[in-house]
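entry-v2.cif follows (mmCIF, C-alpha atoms and all ligand atoms):
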```cif
data_my_file
#
loop_
_atom_site.label_atom_id
_atom_site.label_comp_id
_atom_site.auth_asym_id
_atom_site.auth_seq_id
_atom_site.Cartn_x
_atom_site.Cartn_y
_atom_site.Cartn_z
CA MET A 1370 15.64 -11.29 25.33
CA ILE A 1371 12.30 -9.66 26.23
CA GLY A 1372 11.30 -9.65 22.55
CA PHE A 1373 12.06 -13.37 22.28
CA SER A 1374 9.97 -14.39 25.35
CA LEU A 1375 7.11 -12.15 24.18
CA ASN A 1376 7.35 -13.71 20.75
CA LEU A 1377 7.33 -17.24 22.23
CA ARG A 1378 4.34 -16.47 24.51
CA PHE A 1379 2.50 -14.90 21.56
CA ARG A 1380 3.01 -17.96 19.41
CA LEU A 1381 1.93 -20.35 22.20
CA LEU A 1382 -1.21 -18.22 22.75
CA THR A 1383 -2.17 -18.22 19.10
CA MET A 1384 -1.57 -21.98 18.86
CA ALA A 1385 -3.82 -22.54 21.92
CA THR A 1386 -6.60 -20.31 20.66
CA GLY A 1387 -6.05 -21.19 17.00
CA ALA A 1388 -6.43 -17.48 16.41
CA SER A 1389 -3.26 -17.25 14.36
CA ASN A 1390 -5.01 -17.15 10.99
CA GLY A 1391 -8.68 -17.78 11.85
CA GLU A 1392 -10.93 -18.02 8.81
CA HIS A 1393 -13.35 -15.06 8.66
CA LYS A 1394 -16.17 -16.83 6.85
CA SER A 1395 -19.34 -14.78 6.28
CA THR A 1396 -22.72 -16.40 6.96
CA LYS A 1397 -24.31 -14.18 4.29
CA PRO A 1398 -24.22 -14.74 0.50
CA PRO A 1399 -22.56 -11.88 -1.44
CA PRO A 1400 -24.94 -9.31 -3.01
CA THR A 1401 -26.01 -10.27 -6.55
CA PRO A 1402 -23.72 -8.65 -9.14
CA SER A 1403 -24.96 -6.98 -12.33
CA PRO A 1404 -26.98 -9.42 -14.54
CA LEU A 1405 -24.49 -8.50 -17.28
CA ARG A 1406 -21.86 -10.49 -15.37
CA ASN A 1407 -23.61 -13.79 -16.11
CA SER A 1408 -25.06 -13.00 -19.54
CA LYS A 1409 -24.54 -15.79 -22.10
CA PHE A 1410 -24.30 -13.84 -25.32
CA PHE A 1411 -22.69 -10.54 -24.35
CA GLN A 1412 -19.79 -10.96 -21.90
CA SER A 1413 -19.12 -7.41 -20.75
CA ASN A 1414 -15.65 -6.34 -19.74
CA MET A 1415 -14.67 -6.47 -16.08
CA ARG A 1416 -15.41 -2.95 -14.79
CA ILE A 1417 -12.79 -1.96 -12.23
CA LEU A 1418 -12.75 1.13 -10.00
CA VAL A 1419 -9.35 2.20 -8.65
CA THR A 1420 -9.65 4.89 -5.98
CA GLY A 1421 -6.32 6.72 -5.58
CA GLY A 1422 -5.36 5.47 -9.03
CA ALA A 1423 -3.50 8.70 -9.88
CA GLY A 1424 -1.00 7.97 -7.11
CA PHE A 1425 2.30 6.08 -6.98
CA ILE A 1426 1.08 2.47 -6.51
CA GLY A 1427 -2.33 3.16 -8.09
CA SER A 1428 -0.96 4.35 -11.43
CA HIS A 1429 1.26 1.27 -11.75
CA LEU A 1430 -1.77 -0.87 -10.88
CA VAL A 1431 -3.79 0.86 -13.63
CA ASP A 1432 -0.98 0.18 -16.13
CA LYS A 1433 -1.13 -3.53 -15.28
CA LEU A 1434 -4.94 -3.78 -15.32
CA MET A 1435 -5.15 -2.01 -18.69
CA GLU A 1436 -2.85 -4.62 -20.25
CA ASN A 1437 -5.88 -6.97 -20.07
CA GLU A 1438 -8.23 -6.05 -22.92
CA LYS A 1439 -11.19 -7.50 -20.98
CA ASN A 1440 -10.78 -4.78 -18.33
CA GLU A 1441 -12.42 -1.34 -18.21
CA VAL A 1442 -10.78 0.89 -15.60
CA ILE A 1443 -12.27 3.92 -13.82
CA VAL A 1444 -9.99 6.02 -11.59
CA ALA A 1445 -11.44 8.25 -8.87
CA ASP A 1446 -8.88 10.59 -7.33
CA ASN A 1447 -8.82 14.05 -5.67
CA TYR A 1448 -5.18 14.70 -6.68
CA PHE A 1449 -4.15 15.46 -3.08
CA THR A 1450 -0.88 13.56 -3.58
CA GLY A 1451 -1.45 11.99 -6.99
CA SER A 1452 -1.25 13.50 -10.45
CA LYS A 1453 -3.01 13.18 -13.80
CA ASP A 1454 0.48 13.03 -15.25
CA ASN A 1455 0.86 9.50 -13.83
CA LEU A 1456 -2.06 8.40 -16.06
CA ARG A 1457 -1.44 10.54 -19.13
CA LYS A 1458 -0.96 7.54 -21.42
CA TRP A 1459 -4.50 6.27 -20.67
CA ILE A 1460 -6.48 9.53 -20.89
CA GLY A 1461 -8.77 9.25 -23.93
CA HIS A 1462 -8.42 5.45 -24.15
CA PRO A 1463 -11.87 3.83 -24.81
CA ARG A 1464 -11.52 1.42 -21.85
CA PHE A 1465 -10.36 4.14 -19.39
CA GLU A 1466 -12.15 6.90 -17.44
CA LEU A 1467 -10.73 9.42 -14.93
CA ILE A 1468 -12.97 11.16 -12.36
CA ARG A 1469 -11.86 13.94 -10.02
CA HIS A 1470 -13.60 12.70 -6.87
CA ASP A 1471 -12.99 12.77 -3.11
CA VAL A 1472 -13.94 9.42 -1.56
CA THR A 1473 -15.23 11.17 1.56
CA GLU A 1474 -18.21 11.91 -0.73
CA ALA A 1475 -20.41 9.03 -1.95
CA LEU A 1476 -19.78 7.72 -5.47
CA LEU A 1477 -22.19 5.72 -7.62
CA VAL A 1478 -20.66 3.79 -10.52
CA GLU A 1479 -21.60 0.34 -11.84
CA VAL A 1480 -18.43 -1.72 -11.28
CA ASP A 1481 -17.45 -5.33 -10.58
CA GLN A 1482 -14.25 -4.78 -8.61
CA ILE A 1483 -13.00 -1.92 -6.40
CA TYR A 1484 -9.30 -1.43 -5.59
CA HIS A 1485 -9.54 1.10 -2.74
CA LEU A 1486 -6.15 2.84 -2.55
CA ALA A 1487 -7.27 6.43 -1.89
CA CYS A 1488 -5.30 7.71 1.10
CA PRO A 1489 -2.13 9.84 1.36
CA ALA A 1490 0.72 7.42 2.10
CA SER A 1491 3.62 9.69 2.94
CA PRO A 1492 3.80 10.58 6.65
CA ILE A 1493 4.45 14.22 5.75
CA PHE A 1494 1.18 14.34 3.81
CA TYR A 1495 -0.99 12.26 6.08
CA LYS A 1496 0.17 14.35 9.09
CA TYR A 1497 -0.49 17.60 7.16
CA ASN A 1498 -4.25 17.28 7.69
CA PRO A 1499 -4.84 14.45 10.21
CA VAL A 1500 -8.62 14.99 10.37
CA LYS A 1501 -8.88 14.63 6.61
CA THR A 1502 -6.64 11.54 6.69
CA ILE A 1503 -8.85 9.73 9.20
CA LYS A 1504 -11.99 10.86 7.34
CA THR A 1505 -10.54 9.42 4.14
CA ASN A 1506 -9.78 6.13 5.89
CA VAL A 1507 -13.11 5.86 7.74
CA ILE A 1508 -15.73 7.71 5.70
CA GLY A 1509 -13.95 6.97 2.42
CA THR A 1510 -13.87 3.24 3.17
CA LEU A 1511 -17.51 3.35 4.35
CA ASN A 1512 -18.49 4.98 1.03
CA MET A 1513 -16.61 2.37 -0.96
CA LEU A 1514 -18.17 -0.49 1.03
CA GLY A 1515 -21.60 1.06 0.48
CA LEU A 1516 -20.88 1.15 -3.25
CA ALA A 1517 -19.67 -2.48 -3.19
CA LYS A 1518 -22.89 -3.50 -1.44
CA ARG A 1519 -25.06 -1.56 -3.86
CA VAL A 1520 -23.51 -2.91 -7.06
CA GLY A 1521 -22.32 -6.34 -5.83
CA ALA A 1522 -18.63 -5.56 -6.35
CA ARG A 1523 -15.63 -7.30 -4.77
CA ILE A 1524 -13.53 -4.74 -2.83
CA LEU A 1525 -9.81 -4.73 -1.97
CA LEU A 1526 -8.38 -2.39 0.69
CA THR A 1527 -4.73 -1.37 0.65
CA SER A 1528 -4.04 -1.45 4.35
CA THR A 1529 -0.57 -1.06 5.79
CA SER A 1530 2.13 -2.52 8.01
CA GLU A 1531 1.48 0.54 10.18
CA VAL A 1532 -1.48 -1.39 11.66
CA TYR A 1533 1.23 -3.23 13.65
CA GLY A 1534 2.43 0.13 15.04
CA ASP A 1535 5.85 -0.12 16.77
CA PRO A 1536 5.83 -3.93 16.67
CA LEU A 1537 6.90 -6.03 19.68
CA VAL A 1538 6.72 -9.17 17.50
CA HIS A 1539 9.28 -9.40 14.69
CA PRO A 1540 8.86 -10.24 11.86
CA GLN A 1541 5.17 -9.36 11.84
CA PRO A 1542 2.65 -12.13 11.04
CA GLU A 1543 -0.96 -11.18 10.17
CA SER A 1544 -2.13 -12.72 13.48
CA TYR A 1545 -0.19 -10.08 15.47
CA TRP A 1546 -2.64 -7.47 16.83
CA GLY A 1547 -0.06 -4.69 16.95
CA ASN A 1548 1.25 -2.06 19.34
CA VAL A 1549 -0.36 1.21 18.21
CA ASN A 1550 -0.61 4.61 19.90
CA PRO A 1551 -4.31 5.63 19.61
CA ILE A 1552 -3.68 9.35 20.13
CA GLY A 1553 -0.31 10.05 18.49
CA VAL A 1554 0.55 12.14 15.42
CA ARG A 1555 0.52 9.00 13.22
CA SER A 1556 -2.78 7.68 14.64
CA CYS A 1557 -4.87 9.34 11.90
CA TYR A 1558 -3.20 6.87 9.54
CA ASP A 1559 -2.38 3.83 11.71
CA GLU A 1560 -5.76 3.76 13.52
CA GLY A 1561 -7.55 5.01 10.41
CA LYS A 1562 -6.37 1.95 8.50
CA ARG A 1563 -7.24 -0.33 11.45
CA VAL A 1564 -10.81 1.04 11.43
CA ALA A 1565 -10.92 0.58 7.67
CA GLU A 1566 -10.01 -3.11 8.16
CA THR A 1567 -12.70 -3.41 10.87
CA LEU A 1568 -15.32 -1.93 8.52
CA MET A 1569 -14.28 -4.30 5.74
CA PHE A 1570 -14.79 -7.35 7.97
CA ASP A 1571 -18.06 -6.03 9.44
CA TYR A 1572 -19.51 -5.56 5.93
CA HIS A 1573 -18.23 -9.01 5.02
CA ARG A 1574 -19.81 -10.73 8.04
CA GLN A 1575 -23.03 -8.66 8.10
CA HIS A 1576 -23.72 -8.23 4.37
CA GLY A 1577 -21.64 -10.94 2.70
CA ILE A 1578 -19.52 -8.38 0.80
CA GLU A 1579 -16.55 -10.02 -0.93
CA ILE A 1580 -13.52 -8.34 0.69
CA ARG A 1581 -9.76 -8.55 0.20
CA ILE A 1582 -7.25 -6.88 2.57
CA ALA A 1583 -3.58 -6.32 1.70
CA ARG A 1584 -1.22 -5.13 4.43
CA ILE A 1585 1.32 -3.32 2.29
CA PHE A 1586 4.88 -2.82 3.57
CA ASN A 1587 7.22 -0.02 2.43
CA THR A 1588 7.03 0.15 -1.37
CA TYR A 1589 9.29 2.17 -3.69
CA GLY A 1590 9.80 2.73 -7.40
CA PRO A 1591 9.33 5.18 -10.30
CA ARG A 1592 6.58 7.83 -9.98
CA MET A 1593 7.02 8.31 -6.23
CA ASN A 1594 6.65 12.02 -5.46
CA ILE A 1595 10.21 13.38 -5.52
CA ASP A 1596 9.66 15.52 -2.42
CA ASP A 1597 7.07 13.51 -0.53
CA GLY A 1598 9.44 12.94 2.34
CA ARG A 1599 9.61 9.17 2.30
CA VAL A 1600 13.03 7.71 2.90
CA VAL A 1601 13.80 6.08 -0.47
CA SER A 1602 12.58 9.06 -2.52
CA ASN A 1603 14.38 11.45 -0.14
CA PHE A 1604 17.72 9.66 -0.35
CA ILE A 1605 17.64 9.32 -4.15
CA ALA A 1606 16.62 12.96 -4.66
CA GLN A 1607 19.31 14.13 -2.20
CA ALA A 1608 21.99 11.99 -3.90
CA LEU A 1609 21.05 13.40 -7.32
CA ARG A 1610 21.00 17.00 -5.97
CA ASP A 1611 24.39 16.55 -4.23
CA GLU A 1612 22.73 17.14 -0.85
CA PRO A 1613 23.63 15.18 2.34
CA LEU A 1614 21.54 12.06 2.93
CA THR A 1615 19.37 12.83 5.98
CA VAL A 1616 19.31 9.73 8.22
CA GLN A 1617 16.71 10.31 10.93
CA SER A 1618 17.90 9.18 14.37
CA PRO A 1619 18.76 6.60 15.61
CA GLY A 1620 19.48 5.31 12.08
CA THR A 1621 19.37 1.73 13.35
CA GLN A 1622 15.60 1.51 12.83
CA THR A 1623 14.73 -0.97 10.10
CA ARG A 1624 12.34 -1.17 7.16
CA SER A 1625 11.79 -3.79 4.43
CA PHE A 1626 11.45 -2.41 0.89
CA CYS A 1627 9.25 -3.88 -1.87
CA TYR A 1628 9.60 -2.77 -5.52
CA VAL A 1629 6.34 -1.46 -6.98
CA SER A 1630 5.95 -4.07 -9.77
CA ASP A 1631 6.14 -6.87 -7.18
CA MET A 1632 3.55 -5.02 -5.10
CA VAL A 1633 1.12 -4.65 -8.03
CA ASP A 1634 1.46 -8.36 -8.85
CA GLY A 1635 0.60 -9.21 -5.25
CA LEU A 1636 -2.46 -6.94 -5.18
CA ILE A 1637 -3.91 -8.44 -8.37
CA ARG A 1638 -3.30 -12.01 -7.15
CA LEU A 1639 -5.11 -11.13 -3.90
CA MET A 1640 -8.08 -9.59 -5.74
CA GLU A 1641 -8.34 -12.53 -8.17
CA GLY A 1642 -7.90 -15.15 -5.42
CA GLU A 1643 -10.40 -16.54 -2.89
CA ASN A 1644 -8.81 -15.37 0.37
CA THR A 1645 -10.15 -12.37 2.32
CA GLY A 1646 -6.81 -11.66 3.98
CA PRO A 1647 -5.46 -9.69 5.73
CA ILE A 1648 -2.30 -10.79 3.93
CA ASN A 1649 1.12 -9.12 4.31
CA ILE A 1650 2.54 -8.06 0.94
CA GLY A 1651 6.13 -6.85 1.19
CA ASN A 1652 9.78 -7.79 0.74
CA PRO A 1653 11.31 -9.46 3.83
CA GLY A 1654 14.71 -7.94 2.94
CA GLU A 1655 15.27 -5.79 6.08
CA PHE A 1656 17.71 -2.86 6.26
CA THR A 1657 18.59 -0.16 8.80
CA MET A 1658 18.30 3.41 7.56
CA ILE A 1659 22.08 3.72 7.77
CA GLU A 1660 22.48 0.64 5.53
CA LEU A 1661 19.96 2.11 3.07
CA ALA A 1662 21.86 5.44 3.00
CA GLU A 1663 25.16 3.63 2.43
CA THR A 1664 23.62 1.63 -0.45
CA VAL A 1665 22.23 4.78 -2.13
CA LYS A 1666 25.61 6.51 -1.64
CA GLU A 1667 27.46 3.55 -3.21
CA LEU A 1668 25.07 3.12 -6.16
CA ILE A 1669 24.31 6.77 -7.01
CA ASN A 1670 26.79 9.27 -5.51
CA PRO A 1671 29.85 7.89 -3.65
CA GLY A 1672 31.01 11.39 -2.71
CA ILE A 1673 27.85 12.32 -0.84
CA GLU A 1674 27.78 13.01 2.93
CA ILE A 1675 25.50 11.06 5.28
CA LYS A 1676 24.24 13.14 8.23
CA MET A 1677 22.11 12.26 11.27
CA VAL A 1678 19.02 14.44 11.78
CA GLU A 1679 16.13 14.48 14.27
CA ASN A 1680 13.28 12.01 13.87
CA THR A 1681 9.51 12.47 14.38
CA PRO A 1682 7.40 10.99 17.24
CA ASP A 1683 6.21 7.35 17.22
CA ASP A 1684 8.54 6.22 14.44
CA PRO A 1685 8.47 2.38 14.42
CA ARG A 1686 11.88 0.94 15.34
CA GLN A 1687 11.58 -2.20 13.22
CA ARG A 1688 9.42 -3.55 10.43
CA LYS A 1689 9.65 -6.80 8.44
CA PRO A 1690 6.78 -8.78 6.92
CA ASP A 1691 6.22 -12.47 7.56
CA ILE A 1692 5.05 -13.41 4.02
CA THR A 1693 4.29 -17.09 4.70
CA ASN A 1694 0.61 -16.53 3.85
CA ALA A 1695 1.33 -14.56 0.66
CA LYS A 1696 3.52 -17.43 -0.54
CA LYS A 1697 1.07 -20.16 0.51
CA LEU A 1698 -2.28 -18.53 -0.36
CA LEU A 1699 -1.31 -16.30 -3.30
CA GLY A 1700 1.70 -18.15 -4.69
CA TRP A 1701 3.42 -14.75 -4.47
CA GLU A 1702 6.82 -13.58 -3.38
CA PRO A 1703 8.86 -10.52 -4.37
CA LYS A 1704 11.38 -10.91 -7.20
CA ILE A 1705 13.23 -7.56 -7.23
CA LYS A 1706 15.97 -6.97 -4.68
CA LEU A 1707 16.68 -3.48 -3.31
CA ARG A 1708 20.00 -3.18 -5.17
CA ASP A 1709 18.19 -3.96 -8.46
CA GLY A 1710 15.17 -1.74 -7.78
CA LEU A 1711 17.03 1.41 -6.71
CA PRO A 1712 18.68 1.99 -10.14
CA LEU A 1713 15.24 1.77 -11.83
CA MET A 1714 13.95 4.49 -9.50
CA GLU A 1715 17.16 6.52 -9.98
CA ALA A 1716 16.60 6.53 -13.78
CA ASP A 1717 13.04 7.84 -13.29
CA PHE A 1718 14.21 10.58 -10.89
CA ARG A 1719 17.09 11.61 -13.24
CA LEU A 1720 14.59 12.02 -16.06
CA ARG A 1721 12.17 14.06 -13.95
CA LEU A 1722 14.91 16.18 -12.31
CA GLY A 1723 16.87 16.61 -15.56
CA VAL A 1724 20.06 15.26 -13.95
CA ALA A 1725 22.19 13.26 -16.40
CA LYS A 1726 24.34 10.37 -15.19
CA LYS A 1727 27.98 11.46 -14.77
CA VAL A 1728 30.15 9.47 -17.21
N1 LIG B 1801 3.71 3.24 -0.73
C1 LIG B 1801 3.81 2.60 0.40
O1 LIG B 1801 4.90 2.33 0.93
C2 LIG B 1801 2.57 2.13 1.11
C3 LIG B 1801 2.73 1.30 2.21
C4 LIG B 1801 1.58 0.85 2.87
C5 LIG B 1801 0.31 1.18 2.42
N2 LIG B 1801 0.20 1.97 1.33
C6 LIG B 1801 -1.17 2.32 0.90
O2 LIG B 1801 -1.28 2.16 -0.52
C7 LIG B 1801 -2.16 3.16 -1.06
C8 LIG B 1801 -1.45 3.92 -2.15
O3 LIG B 1801 -0.27 4.46 -1.60
P1 LIG B 1801 0.74 5.32 -2.52
O4 LIG B 1801 2.11 5.06 -2.00
O5 LIG B 1801 0.42 5.10 -3.95
O6 LIG B 1801 0.36 6.79 -2.09
P2 LIG B 1801 0.03 8.08 -2.97
O7 LIG B 1801 -0.11 9.18 -1.98
O8 LIG B 1801 0.96 8.21 -4.11
O9 LIG B 1801 -1.41 7.70 -3.59
C9 LIG B 1801 -2.62 7.93 -2.91
C10 LIG B 1801 -3.64 8.45 -3.94
O10 LIG B 1801 -4.88 8.66 -3.29
C11 LIG B 1801 -5.37 9.94 -3.62
N3 LIG B 1801 -6.21 10.40 -2.52
C12 LIG B 1801 -5.82 10.73 -1.27
N4 LIG B 1801 -6.89 11.08 -0.54
C13 LIG B 1801 -7.99 10.96 -1.34
C14 LIG B 1801 -9.38 11.17 -1.18
N5 LIG B 1801 -9.89 11.62 -0.01
N6 LIG B 1801 -10.19 10.95 -2.23
C15 LIG B 1801 -9.70 10.53 -3.42
N7 LIG B 1801 -8.38 10.31 -3.65
C16 LIG B 1801 -7.55 10.52 -2.61
C17 LIG B 1801 -4.12 10.80 -3.83
O11 LIG B 1801 -4.37 11.93 -4.60
C18 LIG B 1801 -3.20 9.79 -4.53
O12 LIG B 1801 -3.41 9.79 -5.92
C19 LIG B 1801 -2.59 4.02 0.13
O13 LIG B 1801 -3.84 3.54 0.61
C20 LIG B 1801 -1.51 3.75 1.17
O14 LIG B 1801 -2.01 3.90 2.50
C21 LIG B 1801 1.28 2.47 0.66
O1 LIG B 1802 5.06 0.48 4.74
C1 LIG B 1802 4.24 1.03 5.45
O2 LIG B 1802 3.25 0.47 5.89
C2 LIG B 1802 4.36 2.52 5.66
O3 LIG B 1802 5.66 2.87 5.17
C3 LIG B 1802 5.86 4.22 5.06
O4 LIG B 1802 5.89 4.77 6.36
P1 LIG B 1802 7.35 4.95 7.01
O5 LIG B 1802 8.04 3.64 7.09
O6 LIG B 1802 7.28 5.79 8.22
O7 LIG B 1802 8.01 5.76 5.81
P2 LIG B 1802 9.20 6.78 5.67
O8 LIG B 1802 8.71 8.15 5.90
O9 LIG B 1802 9.80 6.43 4.37
O10 LIG B 1802 10.24 6.45 6.88
C4 LIG B 1802 10.92 5.23 6.91
C5 LIG B 1802 12.08 5.38 7.89
O11 LIG B 1802 13.06 6.22 7.28
C6 LIG B 1802 13.41 7.28 8.15
N1 LIG B 1802 13.74 8.44 7.29
C7 LIG B 1802 12.77 9.02 6.56
C8 LIG B 1802 13.08 10.07 5.74
C9 LIG B 1802 14.42 10.55 5.69
O12 LIG B 1802 14.77 11.51 4.97
N2 LIG B 1802 15.36 9.92 6.44
C10 LIG B 1802 15.06 8.87 7.25
O13 LIG B 1802 15.93 8.31 7.93
C11 LIG B 1802 12.21 7.48 9.06
O14 LIG B 1802 12.60 8.03 10.31
C12 LIG B 1802 11.70 6.05 9.21
O15 LIG B 1802 12.37 5.42 10.27
C13 LIG B 1802 4.79 4.86 4.22
O16 LIG B 1802 5.01 6.24 4.18
C14 LIG B 1802 3.43 4.60 4.80
O17 LIG B 1802 2.40 5.07 3.93
C15 LIG B 1802 3.26 3.16 4.85
O18 LIG B 1802 1.98 2.85 5.37
#
```

Can the structure from this file be put into C-alpha cells for me?
Amino acid sequence: MIGFSLNLRFRLLTMATGASNGEHKSTKPPPTPSPLRNSKFFQSNMRILVTGGAGFIGSHLVDKLMENEKNEVIVADNYFTGSKDNLRKWIGHPRFELIRHDVTEALLVEVDQIYHLACPASPIFYKYNPVKTIKTNVIGTLNMLGLAKRVGARILLTSTSEVYGDPLVHPQPESYWGNVNPIGVRSCYDEGKRVAETLMFDYHRQHGIEIRIARIFNTYGPRMNIDDGRVVSNFIAQALRDEPLTVQSPGTQTRSFCYVSDMVDGLIRLMEGENTGPINIGNPGEFTMIELAETVKELINPGIEIKMVENTPDDPRQRKPDITNAKKLLGWEPKIKLRDGLPLMEADFRLRLGVAKKV
C-alpha cells in the first residue's frame, strides 16, 4: 500500500512540475565535426569508437555496426572483463581497428560517433576494485566527453537501471530520481553511472555536445563471461555443470531480462535518433529469481537442485523498466522472450564448456 501511495504522489508531483520527461535542450550549437563529414565528392565512412567493445554487449554491437559497409569501427578496451576472442572475426578487417586502452587515460582519435560502454558490468567485477570502477565511470566518461568535444562526435553512454537503486517506484520511469545508497558496496557503480549521466548533460548544456543516454536493464545472451557471477550466466553454467542453482535470498527479488540482440538494436536506434535520453532500454518481462531458476531447471536440467544462499548488501528488491519512451521515441521494443533467449545462450555455453546436449 505504501508503494502505491508513493507512486501516486510521485506521479502527481511530476505532472504538477512537468518534470516527468523535461526536454534537456542545449543553448549551444554542437562543435563542428570533421570537414570530411560534409565533403561533396568524397563521403568518408562513419568512424565509430566503441569503448568496452571487447565485452559482452560491446562485441555484439560491433558485429551489428560492421554489417554496414559505410562504418569504420575502432574498439578501445583494457580487457579487464572483455576478451579479444569476442572480436576475433574482425581483427585484420580493413574497416576495423582494436586498441588496448584504458579510458581513465585520455584518447585522441578522429571519430564521428562514440559508444561509451567501457565499465565492468558484473557486480563481482565492479566490486573487486571499487576505486577503479568509479574512476572508469567518472574519469573515463570525462575523457570520452573531452574527445567528443575535440572532434565534434556524438556520444552515447550505456548507463544502467542501477541509477534507480532499490526503487520505491515500480516499474521505473526515466523521470524517477531513484533511491541510491551513496556509500554502499555498489555505490562505485550506481553513483559512478549517475555522475557519468550528470557529466553527459553538463557537457551537452555547456558545450552543445550531442549526447545520448541509454539506461540498460539486465541483459543476457551468448558471450557473457561464464563465471562472471551474474544470475543468468551463473544458473546456465551451474545447470550444465550439474551443480545446484544458487538462488540468493530472499529469492523473491525480481529482475527483467533483455536479450542482447534486442539491446543492440535499441542502442543503435538511440544513437541514430534525435533524442538525448535518458531512455530505459530493457524487457518489461519481470521474474523472481526463484522463477528464473525454475525456468532454467525446466529448459536445461530438470534433475538439478535449487538451493537458497546468502545475498550481498544493497541488492535491489525489484526492477522493471517502463519502456513507454523507448516505444514512442525510438519505435523500439524487445522481441525475444526469456524462454526463447535462454536456449540461445545455453547453446553458446555448451560450445564453450564442451558439454554436449544429452539425447
Ligand atoms: N549487461 C548488463 O546487464 C548491463 C546492464 C546495465 C548496464 N550495462 C552497461 O553496459 C556496458 C557493457 O556491459 P557488458 O555487460 O558488456 O559488460 P562487460 O564487462 O562484458 O564489458 C565491459 C567492457 O569494458 C571494458 N572495460 C572495463 N573497464 C575499462 C576501462 N577502464 N578502460 C577500457 N575498457 C574497460 C572491459 O574489458 C569489457 O570489455 C557497461 O557500461 C555496463 O555498465 C550492462
Ligand atoms: O541491469 C542492470 O542495470 C544491472 O544488472 C546487473 O546487476 P544485478 O541485477 O545485480 O545482476 P546479477 O548479479 O545478475 O543479480 C541479479 C539478481 O540475481 C541474484 N543472483 C545472482 C547470482 C546468483 O548466482 N544467484 C542469484 O540469485 C542477485 O542476488 C540479484 O538479486 C548487472 O550486473 C549490472 O551491470 C547492471 O547494471

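Using all atoms listed in the file, the nearest neighbour of ligand LIG 1802 (chain B) within the list A:Asn1498, A:Thr1664, A:Ser1530, A:Ser1544 is A:Ser1530.
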
Would you mind listing what lies within 7 Å of range 1503-1508 of chain A as number ranges by chain, with only C-alpha atoms counted and same-chain residues fewer than 2 positions away left out? A: 1472-1473, 1488, 1499-1501, 1510-1512, 1557-1558, 1561-1562, 1564-1565

Considering only C-alpha atoms, return as a PDB file with C-alpha atoms, in the coordinates of the input whatever protein or nucleic-acid residues lie within 7 Å of Gly1422 in chain A, sequence-local ones (same chain, fewer than 6 positions apart) excluded.
```
ATOM      1  CA  SER A1428      -0.960   4.350 -11.430  1.00  0.00           C
ATOM      2  CA  VAL A1431      -3.790   0.860 -13.630  1.00  0.00           C
ATOM      3  CA  VAL A1444      -9.990   6.020 -11.590  1.00  0.00           C
ATOM      4  CA  ALA A1445     -11.440   8.250  -8.870  1.00  0.00           C
ATOM      5  CA  ASP A1446      -8.880  10.590  -7.330  1.00  0.00           C
TER       6      ASP A1446
END
```

May I ask for the distance between CA of Ile1483 in chain A and atom N1 of ligand LIG 1801 (chain B), given in Å to one decimal place? 18.4 Å

Find the nearest atom pair between each residue of chain A and ligand LIG 1801 (chain B) for residues within 8 Å, count all atoms listed in the file, give distances in Å to one decimal, sort rows by chain and ascending number, and present the table as CSV.
```
residue,atom,partner,partner_atom,distance
A:Thr1420,CA,B:LIG1801,N7,6.0
A:Gly1421,CA,B:LIG1801,O10,3.3
A:Gly1422,CA,B:LIG1801,O12,5.7
A:Ala1423,CA,B:LIG1801,O12,4.1
A:Gly1424,CA,B:LIG1801,O12,3.2
A:Phe1425,CA,B:LIG1801,O5,3.7
A:Ile1426,CA,B:LIG1801,O5,3.7
A:Gly1427,CA,B:LIG1801,O5,5.3
A:Ser1428,CA,B:LIG1801,O5,7.6
A:Ala1445,CA,B:LIG1801,C15,6.2
A:Asp1446,CA,B:LIG1801,N7,3.7
A:Asn1447,CA,B:LIG1801,C15,4.3
A:Tyr1448,CA,B:LIG1801,O11,3.6
A:Phe1449,CA,B:LIG1801,O11,3.8
A:Thr1450,CA,B:LIG1801,O11,4.0
A:Gly1451,CA,B:LIG1801,O12,3.1
A:Ser1452,CA,B:LIG1801,O12,6.2
A:Arg1469,CA,B:LIG1801,C15,7.7
A:His1470,CA,B:LIG1801,C15,5.6
A:Asp1471,CA,B:LIG1801,N6,3.5
A:Val1472,CA,B:LIG1801,N6,4.1
A:Thr1473,CA,B:LIG1801,N5,5.6
A:His1485,CA,B:LIG1801,O13,7.0
A:Leu1486,CA,B:LIG1801,O13,4.0
A:Ala1487,CA,B:LIG1801,O10,3.6
A:Cys1488,CA,B:LIG1801,C12,3.9
A:Pro1489,CA,B:LIG1801,O7,4.0
A:Ala1490,CA,B:LIG1801,O6,4.3
A:Ser1491,CA,B:LIG1801,O7,6.2
A:Phe1494,CA,B:LIG1801,O7,7.9
A:Lys1501,CA,B:LIG1801,N5,7.3
A:Thr1502,CA,B:LIG1801,N4,7.2
A:Lys1504,CA,B:LIG1801,N5,7.7
A:Thr1505,CA,B:LIG1801,N5,4.7
A:Gly1509,CA,B:LIG1801,N5,6.6
A:Leu1526,CA,B:LIG1801,O13,7.5
A:Thr1527,CA,B:LIG1801,O13,5.0
A:Ser1528,CA,B:LIG1801,C5,5.4
A:Thr1529,CA,B:LIG1801,C4,4.1
A:Ser1530,CA,B:LIG1801,C4,6.2
A:Glu1531,CA,B:LIG1801,C4,7.3
A:Tyr1558,CA,B:LIG1801,O14,7.7
A:Lys1562,CA,B:LIG1801,O14,7.7
A:Arg1584,CA,B:LIG1801,C4,6.8
A:Ile1585,CA,B:LIG1801,C4,4.2
A:Phe1586,CA,B:LIG1801,C3,4.8
A:Asn1587,CA,B:LIG1801,O1,3.6
A:Thr1588,CA,B:LIG1801,O1,3.8
A:Tyr1589,CA,B:LIG1801,O1,6.4
A:Met1593,CA,B:LIG1801,O8,6.4
A:Asn1594,CA,B:LIG1801,O8,7.0
```

Set the distance at 6 Å and use all atoms listed in the file: which residues neighbour range 1567-1580 of chain A once local chain neighbours fewer than 4 positions away are removed? I'd like the list as an NGL selection string. :A and (1395 or 1397-1399 or 1523-1525 or 1645)

Identify, counting all atoms listed in the file, the protein, DNA and RNA residues located within 7 Å of ligand LIG 1802 (chain B), and give them as a PyMOL selection string. chain A and resi 1490-1492+1529-1531+1585-1588+1598-1601+1603-1604+1615-1618+1620+1622-1624+1658+1680-1681+1684-1686

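What separates CA of His1462 in chain A from CA of Arg1416 in chain A is a distance of 14.4 Å.
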
Counting all atoms listed in the file, I want the residues whose atoms come within 6 Å of (10.0, 7.8, -6.0) in the file frame, returned as a VMD selection string. chain A and resid 1590 to 1595 1602
